[in-house]
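Q: Following this message is one structure expressed as C-alpha coordinates.
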Amino acid sequence: MKIRKEELKDLEIKILKYHKIAGADYSKLISHRFGLSLSDAMKIHKKLLELGFLEKVSGSIINYHTKLKNGKHKYVKHRNHTYYILSTKGKHFIREYEKKFGEIQLDLKYPYKS
(Lines give C-alpha, C1' and ligand atoms only; values in the text may rest on other atoms or scores of the structure.)
Protein backbone atom coordinates (compact mmCIF):
# COMPACT_ATOMS: atom_id res chain seq x y z
CA MET A 1 0.00 0.00 0.00
CA LYS A 2 1.45 3.33 -1.02
CA ILE A 3 1.20 5.85 1.79
CA ARG A 4 0.74 9.55 1.09
CA LYS A 5 0.62 11.70 4.19
CA GLU A 6 -1.58 14.27 2.44
CA GLU A 7 -4.24 11.63 1.68
CA LEU A 8 -5.81 12.13 5.11
CA LYS A 9 -5.76 14.96 7.63
CA ASP A 10 -3.86 14.43 10.89
CA LEU A 11 -7.10 14.24 12.88
CA GLU A 12 -8.49 11.56 10.56
CA ILE A 13 -5.32 9.52 10.99
CA LYS A 14 -5.56 9.88 14.77
CA ILE A 15 -9.15 8.64 14.67
CA LEU A 16 -8.01 5.59 12.70
CA LYS A 17 -5.31 4.99 15.33
CA TYR A 18 -7.94 5.37 18.05
CA HIS A 19 -10.08 2.68 16.41
CA LYS A 20 -7.01 0.44 16.20
CA ILE A 21 -6.44 0.79 19.94
CA ALA A 22 -10.01 0.97 21.24
CA GLY A 23 -11.88 -1.07 18.66
CA ALA A 24 -15.51 -0.36 17.85
CA ASP A 25 -16.86 3.06 18.76
CA TYR A 26 -19.41 5.60 17.57
CA SER A 27 -19.33 9.20 16.37
CA LYS A 28 -20.74 10.78 19.53
CA LEU A 29 -18.03 9.26 21.69
CA ILE A 30 -15.36 10.22 19.14
CA SER A 31 -16.64 13.81 19.29
CA HIS A 32 -16.23 13.85 23.09
CA ARG A 33 -12.82 12.18 23.11
CA PHE A 34 -11.35 14.40 20.40
CA GLY A 35 -13.16 17.63 21.36
CA LEU A 36 -15.12 17.82 18.08
CA SER A 37 -18.67 18.71 17.24
CA LEU A 38 -20.89 15.70 16.62
CA SER A 39 -21.40 16.73 12.99
CA ASP A 40 -17.62 16.90 12.41
CA ALA A 41 -17.11 13.46 13.96
CA MET A 42 -19.90 12.05 11.79
CA LYS A 43 -18.37 13.61 8.65
CA ILE A 44 -14.98 12.10 9.46
CA HIS A 45 -16.50 8.66 10.07
CA LYS A 46 -18.42 8.94 6.80
CA LYS A 47 -15.29 9.90 4.84
CA LEU A 48 -13.21 7.10 6.38
CA LEU A 49 -16.02 4.63 5.69
CA GLU A 50 -16.27 5.75 2.03
CA LEU A 51 -12.49 5.45 1.62
CA GLY A 52 -12.64 1.90 2.99
CA PHE A 53 -10.61 2.54 6.15
CA LEU A 54 -13.57 1.81 8.45
CA GLU A 55 -16.44 -0.67 8.45
CA LYS A 56 -19.80 -0.49 10.16
CA VAL A 57 -20.30 -3.06 12.91
CA SER A 58 -23.16 -5.39 12.07
CA GLY A 59 -25.55 -6.91 14.58
CA SER A 60 -27.36 -5.42 17.53
CA ILE A 61 -24.89 -6.43 20.26
CA ILE A 62 -21.27 -5.42 20.64
CA ASN A 63 -18.64 -7.00 22.88
CA TYR A 64 -16.34 -4.71 24.80
CA HIS A 65 -13.13 -5.95 26.36
CA THR A 66 -11.76 -3.96 29.25
CA LYS A 67 -8.45 -4.63 30.94
CA LEU A 68 -8.50 -4.43 34.71
CA LYS A 69 -5.64 -4.66 37.17
CA ASN A 70 -6.74 -8.13 38.23
CA GLY A 71 -7.02 -9.46 34.65
CA LYS A 72 -9.44 -9.23 31.78
CA HIS A 73 -13.10 -8.39 32.10
CA LYS A 74 -15.58 -8.76 29.27
CA TYR A 75 -19.08 -7.37 29.03
CA VAL A 76 -21.73 -7.12 26.36
CA LYS A 77 -23.66 -3.99 25.39
CA HIS A 78 -26.65 -3.44 23.13
CA ARG A 79 -25.89 -1.01 20.34
CA ASN A 80 -27.79 2.26 20.36
CA HIS A 81 -25.57 3.97 17.76
CA THR A 82 -23.77 3.13 14.52
CA TYR A 83 -20.44 1.66 15.57
CA TYR A 84 -17.35 1.68 13.36
CA ILE A 85 -14.28 -0.54 13.38
CA LEU A 86 -11.02 -0.43 11.49
CA SER A 87 -11.18 -2.38 8.22
CA THR A 88 -8.33 -4.50 6.92
CA LYS A 89 -7.37 -1.61 4.63
CA GLY A 90 -7.37 0.71 7.67
CA LYS A 91 -5.16 -1.66 9.68
CA HIS A 92 -2.66 -1.87 6.81
CA PHE A 93 -2.72 1.91 6.39
CA ILE A 94 -1.96 2.55 10.08
CA ARG A 95 0.82 -0.06 10.14
CA GLU A 96 2.50 1.34 7.01
CA TYR A 97 1.97 4.95 8.09
CA GLU A 98 3.66 4.36 11.46
CA LYS A 99 6.57 2.54 9.78
CA LYS A 100 7.12 5.52 7.51
CA PHE A 101 6.28 8.50 9.77
CA GLY A 102 6.57 7.14 13.34
CA GLU A 103 4.02 6.21 15.97
CA ILE A 104 0.82 8.24 16.07
CA GLN A 105 0.34 9.95 19.43
CA LEU A 106 -3.19 10.45 20.74
CA ASP A 107 -4.10 13.21 23.17
CA LEU A 108 -7.56 12.07 24.19
CA LYS A 109 -10.00 13.80 26.46
CA TYR A 110 -11.59 11.78 29.25
CA PRO A 111 -13.39 9.38 29.02
CA TYR A 112 -11.09 7.21 26.98
CA LYS A 113 -10.22 3.55 26.63
CA SER A 114 -6.68 2.41 27.22
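In the C-alpha coordinates, each chain is lettered A, B, ... as it comes, each chain's residues begin at 1, and ligands are numbered from 1 in order of appearance.
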Any idea what's packed within 10 Å of Tyr18 in chain A, counting only C-alpha atoms, ignoring anything in its chain fewer than 4 positions away? Could you give it as a short mmCIF file (atom, residue, chain, number, x, y, z; two decimals) with N, CA and C atoms, in the first residue's frame?
A:
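Result file follows (around-v3.cif):
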data_model
loop_
_atom_site.label_atom_id
_atom_site.label_comp_id
_atom_site.auth_asym_id
_atom_site.auth_seq_id
_atom_site.Cartn_x
_atom_site.Cartn_y
_atom_site.Cartn_z
N GLU A 12 -7.92 12.79 11.11
CA GLU A 12 -8.49 11.56 10.56
C GLU A 12 -7.58 10.36 10.82
N ILE A 13 -6.29 10.58 10.71
CA ILE A 13 -5.32 9.52 10.99
C ILE A 13 -5.35 9.16 12.47
N LYS A 14 -5.48 10.15 13.33
CA LYS A 14 -5.56 9.88 14.77
C LYS A 14 -6.83 9.10 15.11
N ALA A 22 -8.79 1.14 20.46
CA ALA A 22 -10.01 0.97 21.24
C ALA A 22 -11.03 0.03 20.62
N GLY A 23 -10.91 -0.21 19.33
CA GLY A 23 -11.88 -1.07 18.66
C GLY A 23 -13.11 -0.30 18.24
N ALA A 24 -14.26 -0.95 18.33
CA ALA A 24 -15.51 -0.36 17.85
C ALA A 24 -15.92 0.83 18.72
N ASP A 25 -16.34 1.90 18.05
CA ASP A 25 -16.86 3.06 18.76
C ASP A 25 -17.74 3.85 17.81
N ILE A 30 -16.54 9.65 19.81
CA ILE A 30 -15.36 10.22 19.14
C ILE A 30 -15.38 11.74 19.30
N ARG A 33 -14.22 12.53 22.85
CA ARG A 33 -12.82 12.18 23.11
C ARG A 33 -11.84 13.05 22.36
N PHE A 34 -12.24 13.57 21.20
CA PHE A 34 -11.35 14.40 20.40
C PHE A 34 -11.72 15.88 20.46
N ILE A 85 -15.53 0.13 13.05
CA ILE A 85 -14.28 -0.54 13.38
C ILE A 85 -13.31 -0.33 12.23
N LEU A 86 -12.05 -0.53 12.50
CA LEU A 86 -11.02 -0.43 11.49
C LEU A 86 -11.15 -1.60 10.52
N ILE A 104 1.83 7.19 15.95
CA ILE A 104 0.82 8.24 16.07
C ILE A 104 0.49 8.42 17.55
N GLN A 105 0.63 9.64 18.04
CA GLN A 105 0.34 9.95 19.43
C GLN A 105 -1.07 10.51 19.56
N LEU A 106 -1.83 9.98 20.50
CA LEU A 106 -3.19 10.45 20.74
C LEU A 106 -3.23 11.25 22.03
N LEU A 108 -6.11 12.23 24.06
CA LEU A 108 -7.56 12.07 24.19
C LEU A 108 -8.08 12.75 25.42
N TYR A 112 -11.77 7.89 28.07
CA TYR A 112 -11.09 7.21 26.98
C TYR A 112 -10.80 5.77 27.39
N LYS A 113 -10.59 4.94 26.39
CA LYS A 113 -10.22 3.55 26.63
C LYS A 113 -8.71 3.44 26.52
N SER A 114 -8.12 2.60 27.34
CA SER A 114 -6.68 2.41 27.22
C SER A 114 -6.37 0.96 26.94
#
Q: Between A:Asp107, A:Ser58, A:Gly52, A:His45, which residue has the minimum interatomic distance to Gly90 in chain A, considering only C-alpha atoms?
A: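 Ranking A:Asp107, A:Ser58, A:Gly52, A:His45 by distance to Gly90 in chain A, first place goes to A:Gly52.
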Q: Please provide as an MDAnalysis selection string all residues within 12 Å of Asp40 in chain A, with the sequence filter that same-chain residues fewer than 2 positions apart are discarded (counting only C-alpha atoms).
A: chainID A and resid 11:12 27:28 30:32 34:38 42:47
Q: Could you turn the residues from that selection into a file that holds all heavy atoms, as a CSV table (one decimal), in the first residue's frame?
A:
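Result saved to part-v1.csv:
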chain,number,residue,atom,x,y,z
A,11,LEU,N,-6.0,14.7,12.0
A,11,LEU,CA,-7.1,14.2,12.9
A,11,LEU,C,-7.7,12.9,12.4
A,11,LEU,O,-8.0,12.1,13.2
A,11,LEU,CB,-8.2,15.3,13.0
A,11,LEU,CG,-9.3,15.0,13.9
A,11,LEU,CD1,-8.9,14.7,15.3
A,11,LEU,CD2,-10.3,16.2,13.9
A,12,GLU,N,-7.9,12.8,11.1
A,12,GLU,CA,-8.5,11.6,10.6
A,12,GLU,C,-7.6,10.4,10.8
A,12,GLU,O,-8.0,9.3,11.2
A,12,GLU,CB,-8.8,11.7,9.1
A,12,GLU,CG,-9.8,12.8,8.8
A,12,GLU,CD,-9.9,13.2,7.3
A,12,GLU,OE1,-8.9,13.0,6.6
A,12,GLU,OE2,-10.9,13.8,7.0
A,27,SER,N,-19.7,7.8,16.6
A,27,SER,CA,-19.3,9.2,16.4
A,27,SER,C,-19.5,10.1,17.6
A,27,SER,O,-18.7,11.0,17.8
A,27,SER,CB,-20.2,9.8,15.2
A,27,SER,OG,-19.9,9.1,14.0
A,28,LYS,N,-20.5,9.9,18.4
A,28,LYS,CA,-20.7,10.8,19.5
A,28,LYS,C,-19.6,10.7,20.5
A,28,LYS,O,-19.1,11.7,21.1
A,28,LYS,CB,-22.1,10.5,20.2
A,28,LYS,CG,-22.4,11.4,21.3
A,28,LYS,CD,-23.8,11.2,21.8
A,28,LYS,CE,-24.2,12.2,22.9
A,28,LYS,NZ,-25.5,12.0,23.4
A,30,ILE,N,-16.5,9.6,19.8
A,30,ILE,CA,-15.4,10.2,19.1
A,30,ILE,C,-15.4,11.7,19.3
A,30,ILE,O,-14.4,12.4,19.6
A,30,ILE,CB,-15.3,9.8,17.7
A,30,ILE,CG1,-15.1,8.3,17.5
A,30,ILE,CG2,-14.3,10.6,16.9
A,30,ILE,CD1,-13.7,7.8,17.9
A,31,SER,N,-16.6,12.4,19.2
A,31,SER,CA,-16.6,13.8,19.3
A,31,SER,C,-16.2,14.3,20.7
A,31,SER,O,-15.5,15.2,20.8
A,31,SER,CB,-18.0,14.3,19.0
A,31,SER,OG,-19.0,14.0,20.0
A,32,HIS,N,-16.6,13.5,21.7
A,32,HIS,CA,-16.2,13.8,23.1
A,32,HIS,C,-14.7,13.6,23.3
A,32,HIS,O,-14.1,14.5,23.9
A,32,HIS,CB,-17.0,13.0,24.1
A,32,HIS,CG,-18.4,13.3,24.2
A,32,HIS,ND1,-18.9,14.6,24.7
A,32,HIS,CD2,-19.5,12.6,24.0
A,32,HIS,CE1,-20.2,14.6,24.6
A,32,HIS,NE2,-20.6,13.4,24.2
A,34,PHE,N,-12.2,13.6,21.2
A,34,PHE,CA,-11.3,14.4,20.4
A,34,PHE,C,-11.7,15.9,20.5
A,34,PHE,O,-11.1,16.7,19.8
A,34,PHE,CB,-11.3,13.9,19.0
A,34,PHE,CG,-10.5,12.7,18.8
A,34,PHE,CD1,-11.1,11.4,18.9
A,34,PHE,CD2,-9.1,12.7,18.5
A,34,PHE,CE1,-10.3,10.3,18.7
A,34,PHE,CE2,-8.4,11.6,18.3
A,34,PHE,CZ,-9.0,10.4,18.4
A,35,GLY,N,-12.8,16.2,21.2
A,35,GLY,CA,-13.2,17.6,21.4
A,35,GLY,C,-13.7,18.2,20.1
A,35,GLY,O,-13.5,19.4,19.7
A,36,LEU,N,-14.5,17.4,19.3
A,36,LEU,CA,-15.1,17.8,18.1
A,36,LEU,C,-16.6,18.0,18.2
A,36,LEU,O,-17.2,17.5,19.2
A,36,LEU,CB,-14.9,16.7,17.0
A,36,LEU,CG,-13.5,16.3,16.7
A,36,LEU,CD1,-13.6,15.1,15.8
A,36,LEU,CD2,-12.8,17.4,16.0
A,37,SER,N,-17.2,18.7,17.3
A,37,SER,CA,-18.7,18.7,17.2
A,37,SER,C,-19.1,17.3,16.7
A,37,SER,O,-18.4,16.6,16.0
A,37,SER,CB,-19.2,19.8,16.3
A,37,SER,OG,-18.9,19.5,15.0
A,38,LEU,N,-20.3,17.0,17.1
A,38,LEU,CA,-20.9,15.7,16.6
A,38,LEU,C,-20.9,15.6,15.1
A,38,LEU,O,-20.6,14.6,14.5
A,38,LEU,CB,-22.3,15.5,17.2
A,38,LEU,CG,-23.0,14.2,16.8
A,38,LEU,CD1,-22.1,12.9,17.1
A,38,LEU,CD2,-24.3,14.1,17.5
A,42,MET,N,-19.1,12.9,12.7
A,42,MET,CA,-19.9,12.1,11.8
A,42,MET,C,-19.4,12.2,10.4
A,42,MET,O,-19.3,11.2,9.6
A,42,MET,CB,-21.4,12.4,11.9
A,42,MET,CG,-22.0,12.0,13.2
A,42,MET,SD,-23.7,12.7,13.4
A,42,MET,CE,-24.6,11.5,12.3
A,43,LYS,N,-18.9,13.4,10.0
A,43,LYS,CA,-18.4,13.6,8.6
A,43,LYS,C,-17.1,12.8,8.5
A,43,LYS,O,-16.8,12.2,7.4
A,43,LYS,CB,-18.1,15.1,8.4
A,43,LYS,CG,-19.4,15.9,8.2
A,43,LYS,CD,-19.1,17.4,8.0
A,43,LYS,CE,-20.3,18.2,8.0
A,43,LYS,NZ,-20.0,19.7,8.0
A,44,ILE,N,-16.3,12.8,9.5
A,44,ILE,CA,-15.0,12.1,9.5
A,44,ILE,C,-15.3,10.6,9.3
A,44,ILE,O,-14.6,9.9,8.5
A,44,ILE,CB,-14.1,12.4,10.7
A,44,ILE,CG1,-13.6,13.9,10.6
A,44,ILE,CG2,-12.9,11.5,10.8
A,44,ILE,CD1,-12.9,14.4,11.8
A,45,HIS,N,-16.2,10.1,10.2
A,45,HIS,CA,-16.5,8.7,10.1
A,45,HIS,C,-17.0,8.3,8.7
A,45,HIS,O,-16.7,7.3,8.1
A,45,HIS,CB,-17.5,8.3,11.1
A,45,HIS,CG,-16.9,7.8,12.4
A,45,HIS,ND1,-17.5,7.9,13.6
A,45,HIS,CD2,-15.7,7.2,12.6
A,45,HIS,CE1,-16.7,7.4,14.5
A,45,HIS,NE2,-15.6,6.9,14.0
A,46,LYS,N,-17.9,9.2,8.1
A,46,LYS,CA,-18.4,8.9,6.8
A,46,LYS,C,-17.3,8.9,5.7
A,46,LYS,O,-17.3,8.0,4.9
A,46,LYS,CB,-19.5,10.0,6.4
A,46,LYS,CG,-20.1,9.8,5.1
A,46,LYS,CD,-21.1,10.9,4.8
A,46,LYS,CE,-21.8,10.6,3.4
A,46,LYS,NZ,-22.7,11.6,3.0
A,47,LYS,N,-16.4,9.9,5.8
A,47,LYS,CA,-15.3,9.9,4.8
A,47,LYS,C,-14.4,8.7,5.0
A,47,LYS,O,-14.1,8.0,3.9
A,47,LYS,CB,-14.4,11.2,5.1
A,47,LYS,CG,-13.2,11.2,4.2
A,47,LYS,CD,-12.4,12.4,4.5
A,47,LYS,CE,-11.1,12.4,3.6
A,47,LYS,NZ,-10.3,13.6,3.9
Q: Record the distance separating CA of Tyr83 in chain A and CA of Phe101 in chain A, expressed in Å with one decimal.
A: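 CA of Tyr83 in chain A sits 28.2 Å away from CA of Phe101 in chain A.
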